[in-house]
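Q: What follows is my_file02.txt; its format and atoms are compact mmCIF, C-alpha atoms.
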```txt
# COMPACT_ATOMS: atom_id res chain seq x y z
CA MET F 132 -7.21 -3.35 25.28
CA LYS F 133 -6.64 -1.00 24.01
CA ASN F 134 -8.40 9.29 14.31
CA PHE F 135 -10.49 13.70 12.94
CA CYS F 136 -13.17 16.42 12.97
CA LYS F 137 -16.38 14.36 12.64
CA LYS F 138 -17.76 13.34 9.40
CA VAL F 139 -14.13 13.52 8.67
CA TRP F 140 -14.59 9.81 8.19
CA ILE F 141 -16.66 10.54 5.09
CA TRP F 142 -13.31 11.66 3.75
CA GLY F 143 -11.27 9.56 6.11
CA LEU F 144 -11.23 6.57 3.80
CA PHE F 145 -9.64 8.67 1.09
CA CYS F 146 -7.18 10.01 3.64
CA LEU F 147 -6.24 6.53 4.77
CA LEU F 148 -5.85 5.13 1.28
CA GLY F 149 -3.86 8.15 0.21
CA SER F 150 -5.11 11.59 -0.78
CA PHE F 151 -4.88 12.72 -4.38
CA PHE F 152 -6.14 16.04 -5.67
CA LEU F 153 -7.18 16.58 -9.27
CA THR F 154 -5.33 19.79 -9.90
CA SER F 155 -2.08 20.55 -11.63
CA CYS F 156 -1.20 23.82 -9.92
CA THR F 157 -0.36 24.49 -6.30
CA SER F 158 -1.00 28.23 -6.35
CA THR F 159 -3.66 30.40 -7.94
CA VAL F 160 -4.76 34.02 -7.64
CA GLU F 161 -8.33 34.90 -6.62
CA ALA F 162 -10.28 37.83 -7.99
CA ASP F 163 -9.32 39.98 -5.01
CA GLY F 164 -5.65 39.35 -5.67
CA GLU F 165 -5.10 36.87 -2.82
CA ILE F 166 -2.69 34.09 -3.68
CA ILE F 167 -4.09 30.66 -2.87
CA LEU F 168 -1.39 28.12 -2.01
CA LYS F 169 -2.96 24.68 -2.22
CA PRO F 170 -1.55 21.59 -0.53
CA ASP F 171 1.08 19.83 -2.62
CA THR F 172 -0.71 17.79 -5.30
CA SER F 173 2.26 15.58 -6.13
CA ARG F 174 2.21 13.60 -2.89
CA TYR F 175 -0.06 11.57 -0.67
CA ILE F 176 -1.27 13.45 2.38
CA VAL F 177 -1.26 10.96 5.23
CA HIS F 178 -0.28 12.85 8.39
CA LYS F 179 -2.86 14.38 10.66
CA LEU F 180 -3.19 16.20 13.96
CA TYR F 181 -5.84 15.38 16.52
CA PRO F 182 -6.84 18.17 18.91
CA ASN F 183 -5.04 18.13 22.27
CA ASP F 184 -2.76 15.24 21.29
CA LEU F 185 0.53 15.75 23.15
CA ALA F 186 2.65 13.29 21.18
CA LYS F 187 5.57 14.89 19.31
CA ASN F 188 4.04 14.52 15.84
CA ASP F 189 7.31 15.38 14.11
CA SER F 190 6.08 13.97 10.80
CA ALA F 191 3.08 16.28 10.84
CA ALA F 192 5.40 19.19 11.67
CA ALA F 193 7.69 18.34 8.77
CA ASN F 194 4.76 18.21 6.33
CA VAL F 195 2.45 20.97 7.57
CA ALA F 196 3.67 23.46 4.94
CA ARG F 197 2.82 21.20 2.00
CA GLY F 198 -0.28 19.75 3.60
CA ILE F 199 -1.50 17.72 6.55
CA MET F 200 -4.97 17.06 7.97
CA LEU F 201 -6.47 18.81 11.00
CA ILE F 202 -9.42 17.17 12.73
CA VAL F 203 -11.99 19.83 13.62
CA ASN F 204 -15.42 19.92 15.27
CA PRO F 205 -18.28 22.40 14.84
CA GLY F 206 -18.09 25.50 17.01
CA ALA F 207 -14.80 24.55 18.66
CA SER F 208 -11.90 27.00 18.92
CA TYR F 209 -8.47 25.85 17.77
CA LYS F 210 -4.85 26.92 17.92
CA LEU F 211 -2.10 25.58 15.72
CA SER F 212 1.34 26.66 16.92
CA PHE F 213 5.07 25.96 16.52
CA ASP F 214 8.40 27.58 17.26
CA VAL F 215 9.50 30.68 15.36
CA ASP F 216 12.32 30.15 12.88
CA PRO F 217 14.10 33.55 12.86
CA ASP F 218 15.71 32.87 9.47
CA PHE F 219 12.40 33.02 7.60
CA PRO F 220 9.49 35.47 7.57
CA ALA F 221 6.28 34.53 9.37
CA PRO F 222 4.21 32.30 7.06
CA GLU F 223 0.49 32.42 6.40
CA LEU F 224 -1.60 29.37 7.21
CA GLN F 225 -4.28 28.47 4.68
CA LEU F 226 -7.00 25.96 5.50
CA PHE F 227 -8.95 23.93 2.93
CA ARG F 228 -12.17 21.91 2.99
CA PRO F 229 -12.46 18.72 0.89
CA TYR F 230 -15.36 18.12 -1.45
CA SER F 231 -16.15 15.09 -3.59
CA ILE F 232 -15.52 14.95 -7.32
CA ASP F 233 -16.45 11.31 -7.79
CA VAL F 234 -16.30 8.07 -5.84
CA SER F 235 -12.49 7.97 -5.79
CA HIS F 236 -11.37 11.59 -6.02
CA PHE F 237 -11.93 14.83 -4.19
CA ALA F 238 -10.75 18.42 -4.43
CA LEU F 239 -10.28 21.30 -1.99
CA SER F 240 -11.80 24.72 -1.48
CA LYS F 241 -10.15 27.37 0.68
CA VAL F 242 -11.73 28.03 4.04
CA ARG F 243 -9.56 30.91 5.22
CA THR F 244 -6.09 32.45 5.37
CA LEU F 245 -4.54 33.14 8.78
CA SER F 246 -1.61 35.25 9.87
CA PRO F 247 0.06 34.30 13.14
CA THR F 248 0.47 36.09 16.40
CA ILE F 249 3.77 35.54 18.21
CA VAL F 250 3.51 34.30 21.79
CA ASN F 251 6.60 33.17 23.71
CA ASN F 252 8.58 32.91 20.49
CA ARG F 253 5.95 30.70 18.88
CA TYR F 254 3.72 31.30 15.89
CA VAL F 255 0.09 30.88 16.94
CA TYR F 256 -2.75 30.54 14.43
CA SER F 257 -6.21 30.78 16.00
CA PHE F 258 -9.52 29.89 14.36
CA VAL F 259 -13.03 28.62 14.99
CA CYS F 260 -14.51 25.67 13.10
CA GLU F 261 -17.75 26.76 11.45
CA GLU F 262 -18.71 23.42 9.92
CA LYS F 263 -22.04 21.75 10.63
CA GLU F 264 -20.40 18.47 11.58
CA MET F 265 -17.02 17.01 12.36
CA THR F 266 -14.70 17.14 9.38
CA VAL F 267 -11.09 17.37 8.28
CA TRP F 268 -9.36 20.50 7.04
CA TYR F 269 -6.13 20.51 5.07
CA THR F 270 -3.25 22.93 5.49
CA SER F 271 -0.69 24.84 3.53
CA LEU F 272 1.93 27.17 4.98
CA GLY F 273 3.83 29.78 3.01
CA ASN F 274 4.21 33.24 1.55
CA ASP F 275 3.49 34.67 -1.89
CA GLY F 276 2.57 31.33 -3.39
CA LYS F 277 5.65 29.48 -2.13
CA TYR F 278 5.76 26.86 0.59
CA TYR F 279 7.38 27.80 3.88
CA GLU F 280 10.96 26.50 4.07
CA GLY F 281 11.63 27.31 7.71
CA LYS F 282 11.92 24.62 10.37
CA VAL F 283 8.65 23.70 12.08
CA LYS F 284 9.46 22.43 15.57
CA ASN F 285 7.37 21.51 18.62
CA ILE F 286 4.07 21.62 16.77
CA SER F 287 0.89 21.80 18.84
CA PHE F 288 -2.78 21.59 17.92
CA THR F 289 -5.25 22.35 20.69
CA GLY F 290 -9.00 22.64 20.77
CA THR F 291 -11.54 23.92 23.28
CA GLY F 292 -15.31 23.95 23.28
CA SER F 293 -18.33 24.67 25.41
CA TYR F 294 -19.90 21.23 25.82
CA ASP F 295 -20.10 19.63 29.25
CA ASP F 296 -18.15 16.62 30.46
CA HIS F 297 -21.17 14.32 30.67
CA PHE F 298 -21.78 11.35 28.42
CA SER F 299 -23.82 8.15 28.41
CA LEU F 300 -23.17 4.67 27.05
CA ASN F 301 -25.14 2.51 24.63
CA LEU F 302 -24.37 -1.17 25.12
CA ILE F 303 -25.62 -2.68 21.86
CA VAL F 304 -25.80 -6.47 21.80
CA VAL F 305 -25.39 -7.80 18.27
CA GLY F 306 -26.47 -11.34 17.51
CA ALA F 307 -26.11 -14.28 19.87
CA VAL F 308 -24.08 -13.77 23.02
CA SER F 309 -23.77 -16.08 26.00
CA LYS F 310 -22.68 -15.63 29.57
CA THR F 311 -19.12 -14.50 30.21
CA ALA F 312 -16.45 -16.91 31.41
CA ASP F 313 -17.40 -15.95 34.97
CA SER F 314 -21.11 -16.49 34.22
CA MET F 315 -22.38 -12.91 33.87
CA ASP F 316 -25.34 -12.44 31.57
CA VAL F 317 -25.97 -9.21 29.65
CA ASP F 318 -27.92 -7.55 32.47
CA GLU F 319 -25.23 -8.35 35.03
CA LEU F 320 -22.49 -7.32 32.61
CA SER F 321 -24.20 -3.99 31.92
CA ARG F 322 -24.36 -3.15 35.63
CA TYR F 323 -20.73 -4.13 36.10
CA MET F 324 -19.81 -2.12 33.00
CA LEU F 325 -21.50 1.05 34.24
CA ASN F 326 -19.88 0.81 37.67
CA ALA F 327 -16.45 0.15 36.16
CA PHE F 328 -16.74 3.04 33.69
CA ARG F 329 -17.78 5.40 36.47
CA GLU F 330 -14.85 4.24 38.59
CA LYS F 331 -12.22 4.55 35.85
CA TYR F 332 -13.61 7.69 34.16
CA ASN F 333 -13.71 9.42 37.52
CA GLY F 334 -12.91 12.87 36.15
CA VAL F 335 -16.08 13.11 34.06
CA THR F 336 -19.73 12.17 34.52
CA ILE F 337 -21.35 9.09 32.99
CA ASP F 338 -25.08 9.67 33.21
CA THR F 339 -26.69 6.44 32.04
CA LEU F 340 -26.05 3.12 30.35
CA TYR F 341 -28.72 2.04 27.85
CA VAL F 342 -28.92 -1.60 26.73
CA HIS F 343 -30.08 -2.30 23.16
CA TYR F 344 -30.46 -5.48 21.15
CA ALA F 345 -29.69 -5.14 17.45
CA HIS F 346 -32.33 -7.72 16.49
CA ASN F 347 -35.00 -5.41 17.96
CA HIS F 348 -34.10 -2.53 15.65
CA PRO F 349 -37.30 -1.51 13.78
CA THR F 350 -35.74 -1.45 10.30
CA LEU F 351 -32.36 -3.24 10.59
CA GLY F 352 -33.24 -5.98 13.06
CA GLN F 353 -33.57 -8.75 10.49
CA LYS F 354 -29.97 -8.12 9.43
CA TYR F 355 -28.77 -8.92 12.96
CA PRO F 356 -30.69 -12.06 14.06
CA ALA F 357 -30.60 -12.86 17.75
CA ASN F 358 -29.49 -16.46 17.22
CA TYR F 359 -26.55 -15.69 14.90
CA PRO F 360 -23.01 -15.45 16.36
CA TRP F 361 -21.97 -12.12 14.85
CA GLU F 362 -18.29 -11.94 13.93
CA ALA F 363 -17.20 -8.36 13.26
CA GLY F 364 -15.31 -8.17 10.00
CA LYS F 365 -16.69 -11.47 8.70
CA SER F 366 -20.44 -11.27 9.15
CA SER F 367 -20.28 -7.98 7.26
CA ASP F 368 -17.53 -5.93 5.63
CA ASP F 369 -18.12 -3.11 8.09
CA PHE F 370 -16.33 -3.91 11.35
CA PHE F 371 -18.08 -0.98 13.00
CA MET F 372 -21.67 -1.59 11.84
CA GLY F 373 -22.15 1.98 10.69
CA ASP F 374 -25.79 1.43 9.77
CA LEU F 375 -26.64 0.57 13.36
CA ALA F 376 -24.39 3.26 14.80
CA SER F 377 -26.10 5.94 12.73
CA SER F 378 -29.59 5.00 13.88
CA ILE F 379 -29.33 3.67 17.44
CA ASP F 380 -30.98 5.70 20.16
CA GLU F 381 -31.30 9.03 18.38
CA GLU F 382 -33.08 10.44 21.41
CA HIS F 383 -29.83 10.36 23.41
CA PRO F 384 -27.27 12.48 21.54
CA ASN F 385 -24.71 12.24 24.34
CA ALA F 386 -24.31 8.45 24.18
CA LEU F 387 -21.26 6.55 22.94
CA ASN F 388 -21.98 3.26 21.17
CA VAL F 389 -20.30 0.10 22.45
CA PHE F 390 -21.15 -2.93 20.31
CA PHE F 391 -20.94 -6.30 22.04
CA VAL F 392 -20.53 -9.13 19.52
CA HIS F 393 -19.71 -12.81 19.54
CA SER F 394 -16.15 -12.30 18.22
CA ILE F 395 -13.91 -10.25 15.93
CA THR F 396 -12.13 -11.59 12.86
CA GLY F 397 -8.44 -12.32 13.41
CA ASN F 398 -6.38 -13.97 16.11
CA ASN F 399 -6.20 -12.46 19.61
CA ILE F 400 -8.42 -9.50 18.76
CA MET F 401 -10.49 -8.34 21.72
CA GLY F 402 -11.75 -4.93 20.64
CA LEU F 403 -11.88 -2.31 17.91
CA SER F 404 -11.97 1.47 17.97
CA LYS F 405 -10.98 4.53 15.99
CA ILE F 406 -8.56 6.98 17.48
CA PHE F 407 -10.47 10.18 18.22
CA ASN F 408 -13.73 9.21 16.57
CA GLY F 409 -15.01 12.57 17.75
CA ALA F 410 -18.70 11.67 17.92
CA LEU F 411 -21.50 10.89 20.33
CA GLY F 412 -25.09 9.96 19.54
CA ALA F 413 -26.44 8.57 16.29
CA ASN F 414 -23.53 8.68 13.87
CA LYS F 415 -22.08 6.00 11.63
CA ASP F 416 -18.59 6.52 13.07
CA ASN F 417 -19.62 6.41 16.73
CA SER F 418 -18.54 2.83 17.40
CA VAL F 419 -16.45 0.75 19.74
CA VAL F 420 -16.63 -3.01 19.14
CA VAL F 421 -15.77 -5.71 21.72
CA GLY F 422 -16.13 -9.48 21.43
CA GLU F 423 -17.14 -11.98 24.09
CA TYR F 424 -14.88 -14.59 22.46
CA VAL F 425 -11.34 -14.26 21.12
CA HIS F 426 -9.96 -16.34 18.25
CA THR F 427 -6.75 -18.02 19.37
CA PRO F 428 -3.85 -18.90 17.02
CA ASN F 429 -4.64 -22.61 17.37
CA GLY F 430 -8.10 -22.09 15.88
CA GLU F 431 -10.11 -22.16 19.09
CA LEU F 432 -12.52 -19.63 20.54
CA GLU F 433 -11.71 -18.44 24.06
CA LEU F 434 -14.59 -17.06 26.12
CA GLN F 435 -13.57 -13.91 28.00
CA SER F 436 -14.20 -12.93 31.59
CA SER F 437 -16.35 -9.95 32.46
CA TYR F 438 -13.20 -8.16 33.64
CA ASN F 439 -11.38 -8.58 30.31
CA ILE F 440 -14.46 -7.57 28.35
CA VAL F 441 -15.19 -4.43 30.37
CA MET F 442 -11.54 -3.32 30.67
CA THR F 443 -11.27 -3.68 26.88
CA MET F 444 -14.35 -1.50 26.51
CA ILE F 445 -12.85 1.14 28.80
CA HIS F 446 -9.56 1.05 26.89
CA GLU F 447 -11.19 1.33 23.46
CA VAL F 448 -13.37 4.23 24.58
CA GLY F 449 -10.15 5.92 25.73
CA HIS F 450 -8.92 5.79 22.13
CA SER F 451 -12.22 7.24 20.95
CA PHE F 452 -11.59 10.20 23.22
CA GLY F 453 -8.11 10.77 21.78
CA LEU F 454 -5.78 8.73 24.00
CA ARG F 455 -2.76 6.92 22.58
CA HIS F 456 -0.99 3.92 24.01
CA THR F 457 1.29 4.83 26.88
CA SER F 458 4.08 2.96 25.08
CA ALA F 459 3.96 2.54 21.32
CA THR F 460 4.33 -0.81 19.62
CA LYS F 461 6.12 -1.36 16.33
CA LEU F 462 2.77 -1.72 14.64
CA ASP F 463 1.74 1.70 15.98
CA MET F 464 4.81 3.08 14.23
CA LYS F 465 4.75 1.07 11.01
CA GLN F 466 1.54 2.27 9.38
CA TYR F 467 1.20 2.55 5.62
CA VAL F 468 -1.52 3.84 3.32
CA GLY F 469 -2.13 2.96 -0.29
CA GLY F 470 -0.35 -0.38 0.09
CA ASP F 471 2.09 -2.26 2.28
CA GLU F 472 5.68 -1.67 3.38
CA LYS F 473 6.90 -2.10 -0.21
CA THR F 474 4.18 -0.30 -2.14
CA GLY F 475 2.50 2.06 0.34
CA VAL F 476 3.30 5.44 1.85
CA MET F 477 4.59 5.58 5.42
CA ALA F 478 1.97 7.16 7.67
CA GLY F 479 3.45 6.25 11.04
CA ASP F 480 5.55 8.67 13.03
CA TRP F 481 8.64 7.29 14.76
CA SER F 482 8.77 10.34 17.03
CA ASN F 483 5.53 9.17 18.68
CA ILE F 484 6.98 6.32 20.71
CA ASP F 485 4.92 7.48 23.68
CA ASP F 486 1.83 9.59 24.26
CA GLY F 487 3.70 12.77 25.19
CA LEU F 488 2.27 12.87 28.71
CA THR F 489 4.56 13.40 31.68
CA ASP F 490 2.49 11.29 34.08
CA THR F 491 2.35 8.11 32.00
CA PRO F 492 5.63 6.16 32.03
CA PHE F 493 7.16 4.84 28.81
CA CYS F 494 8.34 1.23 28.49
CA GLU F 495 11.15 0.81 25.97
CA TYR F 496 10.69 -2.95 26.03
CA ILE F 497 7.34 -2.67 24.23
CA LEU F 498 8.92 -1.04 21.18
CA ARG F 499 12.02 -3.24 21.20
CA SER F 500 10.24 -6.52 21.70
CA GLY F 501 8.35 -6.82 18.42
CA LEU F 502 5.26 -7.85 20.38
CA TYR F 503 3.08 -7.14 17.40
CA LYS F 504 4.44 -10.40 16.00
CA GLN F 505 2.82 -12.10 19.01
CA ALA F 506 6.08 -13.37 20.52
CA ASP F 507 5.51 -17.10 20.14
CA GLY F 508 1.86 -16.62 21.03
CA CYS F 509 2.62 -15.74 24.64
CA GLU F 510 2.46 -11.98 24.38
CA SER F 511 0.49 -10.03 21.85
CA ILE F 512 -0.52 -6.43 21.58
CA ARG F 513 -3.52 -4.36 20.74
CA LYS F 514 -2.99 -3.68 17.10
CA GLU F 515 -3.58 -0.42 15.29
CA ILE F 516 -3.88 -0.27 11.53
CA SER F 517 -4.66 3.02 9.79
CA ASP F 518 -6.60 4.44 12.71
CA ILE F 519 -8.48 1.22 13.37
CA VAL F 520 -7.37 -0.07 16.72
CA PHE F 521 -7.36 -3.76 17.57
CA SER F 522 -7.04 -4.76 21.19
CA SER F 523 -5.84 -8.24 21.85
CA GLY F 524 -3.78 -10.77 23.63
CA PHE F 525 -2.38 -11.73 26.95
CA SER F 526 0.92 -12.27 28.68
CA ASP F 527 0.92 -14.99 31.29
CA LYS F 528 4.68 -15.25 31.80
CA ASP F 529 5.14 -13.69 35.22
CA ASN F 530 8.87 -13.42 34.64
CA SER F 531 8.48 -11.59 31.32
CA PRO F 532 10.20 -8.18 31.12
CA ILE F 533 6.79 -6.75 30.33
CA TYR F 534 5.87 -7.13 33.99
CA ARG F 535 8.57 -4.58 34.78
CA CYS F 536 6.97 -1.92 32.58
CA ALA F 537 5.99 0.97 34.84
CA ASP F 538 2.95 1.80 32.70
CA ARG F 539 1.42 -1.67 32.98
CA TYR F 540 -1.07 -0.28 35.51
CA ASN F 541 -2.40 2.29 33.04
CA ILE F 542 -5.55 1.49 31.10
CA MET F 543 -3.88 2.58 27.85
CA PHE F 544 -0.97 0.13 28.22
CA PRO F 545 -0.93 -1.81 24.92
CA VAL F 546 -0.70 -5.33 26.33
CA THR F 547 -3.31 -7.26 28.29
CA LEU F 548 -1.66 -9.03 31.22
CA LYS F 549 -2.97 -12.04 33.07
CA GLY F 550 -4.66 -11.20 36.34
CA ASP F 551 -6.94 -8.45 37.60
CA PHE F 552 -4.74 -5.37 37.84
CA ASP F 553 -5.87 -2.14 39.46
CA VAL F 554 -5.53 -0.11 36.27
CA GLY F 555 -6.58 3.50 35.79
CA PHE F 556 -6.15 6.72 33.83
CA SER F 557 -3.62 9.38 34.76
CA ASP F 558 -4.57 12.99 35.54
CA GLN F 559 -3.31 14.19 32.15
CA GLN F 560 -5.23 11.47 30.34
CA MET F 561 -8.40 12.55 32.09
CA GLU F 562 -7.71 16.14 31.07
CA ILE F 563 -7.52 15.05 27.42
CA ILE F 564 -10.81 13.19 27.82
CA ARG F 565 -12.45 16.29 29.30
CA SER F 566 -11.04 18.44 26.50
CA THR F 567 -12.36 16.02 23.90
CA LEU F 568 -15.81 16.03 25.47
CA SER F 569 -15.80 19.82 25.43
CA ILE F 570 -15.49 19.92 21.62
CA ILE F 571 -17.75 16.99 20.69
CA GLN F 572 -21.34 17.95 19.98
CA HIS F 573 -23.69 16.47 22.55
```
I'd like the structure from this file rewritten - as structure tokens, please.
A:
Amino acid sequence: MKNFCKKVWIWGLFCLLGSFFLTSCTSTVEADGEIILKPDTSRYIVHKLYPNDLAKNDSAAANVARGIMLIVNPGASYKLSFDVDPDFPAPELQLFRPYSIDVSHFALSKVRTLSPTIVNNRYVYSFVCEEKEMTVWYTSLGNDGKYYEGKVKNISFTGTGSYDDHFSLNLIVVGAVSKTADSMDVDELSRYMLNAFREKYNGVTIDTLYVHYAHNHPTLGQKYPANYPWEAGKSSDDFFMGDLASSIDEEHPNALNVFFVHSITGNNIMGLSKIFNGALGANKDNSVVVGEYVHTPNGELELQSSYNIVMTMIHEVGHSFGLRHTSATKLDMKQYVGGDEKTGVMAGDWSNIDDGLTDTPFCEYILRSGLYKQADGCESIRKEISDIVFSSGFSDKDNSPIYRCADRYNIMFPVTLKGDFDVGFSDQQMEIIRSTLSIIQH
């Protein structure tokens, strides 16, 4: 079972494929004499910070001076901070907004320049996002037109807002679905889903679950016929069905979309989500996708139980609200943009082997095991590729070392184990979820 400041995903594709700015200079002087230090134009910008993420993010820290991405939401207050390096003067932080040049290129305009305050021997840069929708801002850090050369350690990016901790769920049935392996139909599954979400998300309030059928959509319904077994990633190029997500249930702006489909392209894939999608209500990026069937490596389709389906939904929604895996897999670490391991740019961060929380144990075996290679088909992990998260697989070997992982009882554990485990979120995970809800417009 198992991302950005919203509409950041308008630019997110460029970010994921590798950012390139059409400018030959890194610094310019404005009419008022202020020196503008643009992000480094000679490199891909692939590292990003999500608000309230407690992972180490050492790669973002190492690149913040020459440019990383910050995910920001309208009206939210943010603080970017890191340890003071006494060997260098305090740097200014400049923030930049992307704008499109053409279909494959974009440029940047300066949003503001910030000087830090020093709190507990840390530089703290405070600002409010004044965008109209979720977006991504880019950074530079320096003085007098030169990039900061001091060490940036223990970086932190936090966000707070004024929205409440309530949300609702849209269960959107796409195409033909049958009863679950334990014979639940959609109505029964929806009731079970709501009860399970309220039990697991016990630190926030889930108001309502609305059930929709894509074939009933007034303008898009014919695209999603009720008798067609919709396979996300094959039936259309858009895994996340952005056209539906942007138009479903506009009267309920606090709802998160969970698409229930026949299956998802690829072996052992149970669910899909974007890390920190940062949106509720009608929005093309407000999507979690879960299949009733899973493609097995031997070419068969395996019908899932209501428990596996709903726990996958709960896990994927956790990613949407900014939660990482409790223990990282090799595939979490080995992410590339603009190509593969030979031709692409490394976007993963090997410092982020866990989620940074003190109340979620870390299992070294997950990272050592190479589970993302599916371990002879017996154990497979929920796969994450460029901020698209794939949840999949089972382990049914009771004597496997994975059953000794202390975090196996956490919902954000990256492997689905056989049996109905009493899984849940930790207190710190729930605090991140509440913080995320406070900055998402709803």
Q: How many Å separate atom CA of Lys284 of chain F from atom CA of His456 of chain F?
A: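 Distance reported for this atom pair: 22.9 Å.
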Q: With distances taken over only C-alpha atoms, which of F:Gly409, F:Gly430, F:Gly422, F:Gly555 is nearest to Ile395 of chain F?
A: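 Comparing F:Gly409, F:Gly430, F:Gly422, F:Gly555 against Ile395 of chain F, the winner is F:Gly422.
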Q: Using only C-alpha atoms, which residues sit within 12 Å of Met324 of chain F once same-chain residues fewer than 4 positions away are excluded, as a PDB file with C-alpha atoms, in the frame of the given file?
A:
```pdb
ATOM      1  CA  SER F 299     -23.820   8.150  28.410  1.00  0.00           C
ATOM      2  CA  LEU F 300     -23.170   4.670  27.050  1.00  0.00           C
ATOM      3  CA  ASN F 301     -25.140   2.510  24.630  1.00  0.00           C
ATOM      4  CA  LEU F 302     -24.370  -1.170  25.120  1.00  0.00           C
ATOM      5  CA  MET F 315     -22.380 -12.910  33.870  1.00  0.00           C
ATOM      6  CA  ASP F 316     -25.340 -12.440  31.570  1.00  0.00           C
ATOM      7  CA  VAL F 317     -25.970  -9.210  29.650  1.00  0.00           C
ATOM      8  CA  ASP F 318     -27.920  -7.550  32.470  1.00  0.00           C
ATOM      9  CA  GLU F 319     -25.230  -8.350  35.030  1.00  0.00           C
ATOM     10  CA  LEU F 320     -22.490  -7.320  32.610  1.00  0.00           C
ATOM     11  CA  PHE F 328     -16.740   3.040  33.690  1.00  0.00           C
ATOM     12  CA  ARG F 329     -17.780   5.400  36.470  1.00  0.00           C
ATOM     13  CA  GLU F 330     -14.850   4.240  38.590  1.00  0.00           C
ATOM     14  CA  LYS F 331     -12.220   4.550  35.850  1.00  0.00           C
ATOM     15  CA  TYR F 332     -13.610   7.690  34.160  1.00  0.00           C
ATOM     16  CA  ILE F 337     -21.350   9.090  32.990  1.00  0.00           C
ATOM     17  CA  THR F 339     -26.690   6.440  32.040  1.00  0.00           C
ATOM     18  CA  LEU F 340     -26.050   3.120  30.350  1.00  0.00           C
ATOM     19  CA  TYR F 341     -28.720   2.040  27.850  1.00  0.00           C
ATOM     20  CA  VAL F 342     -28.920  -1.600  26.730  1.00  0.00           C
ATOM     21  CA  VAL F 389     -20.300   0.100  22.450  1.00  0.00           C
ATOM     22  CA  PHE F 391     -20.940  -6.300  22.040  1.00  0.00           C
ATOM     23  CA  SER F 437     -16.350  -9.950  32.460  1.00  0.00           C
ATOM     24  CA  TYR F 438     -13.200  -8.160  33.640  1.00  0.00           C
ATOM     25  CA  ASN F 439     -11.380  -8.580  30.310  1.00  0.00           C
ATOM     26  CA  ILE F 440     -14.460  -7.570  28.350  1.00  0.00           C
ATOM     27  CA  VAL F 441     -15.190  -4.430  30.370  1.00  0.00           C
ATOM     28  CA  MET F 442     -11.540  -3.320  30.670  1.00  0.00           C
ATOM     29  CA  THR F 443     -11.270  -3.680  26.880  1.00  0.00           C
ATOM     30  CA  MET F 444     -14.350  -1.500  26.510  1.00  0.00           C
ATOM     31  CA  ILE F 445     -12.850   1.140  28.800  1.00  0.00           C
TER      32      ILE F 445
END
```
Q: Hey, can you check how far atom CA of Ser418 of chain F sits from atom CA of Gly306 of chain F?
A: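 Atom-to-atom, atom CA of Ser418 of chain F and atom CA of Gly306 of chain F are spaced 16.2 Å apart.
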Q: Could you list, as a list in words, every residue within 10 Å of Val283 of chain F, counting all atoms listed in the file and ignoring same-chain residues fewer than 2 positions away?
A: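 With the cut-off at 10 Å, the set is Asp189, Ala191, Ala192, Ala193, Asn194, Val195, Ala196, Ser212, Phe213, Asp214, Val215, Asp216, Tyr254, Tyr279, Glu280, Gly281, Asn285 and Ile286 of chain F.
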Q: Can you tell me which residues surround Val476 of chain F at a distance of at most 7 Å, considering only C-alpha atoms, apart from same-chain residues fewer than 6 positions away, and format the answer as a list of chain:residue names?
A: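 The residues satisfying every condition are F:Tyr467, F:Val468, F:Gly469.
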Q: Counting all atoms listed in the file, note down every residue that has an atom within 8 Å of the point (-19.2, -10.4, 23.6) (file coordinates), as a list of chain:residue names.
A: F:Val304, F:Val308, F:Ser309, F:Thr311, F:Phe391, F:Val392, F:His393, F:Ser394, F:Val421, F:Gly422, F:Glu423, F:Tyr424, F:Gln435, F:Ile440
Q: Can you work out which one of F:Thr457, F:Asn326, F:Thr489, F:Asn398 has the shortest atom-to-atom distance to Asn429 of chain F, counting all atoms listed in the file?
A: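 Ranked by minimum distance to Asn429 of chain F, first place goes to F:Asn398.
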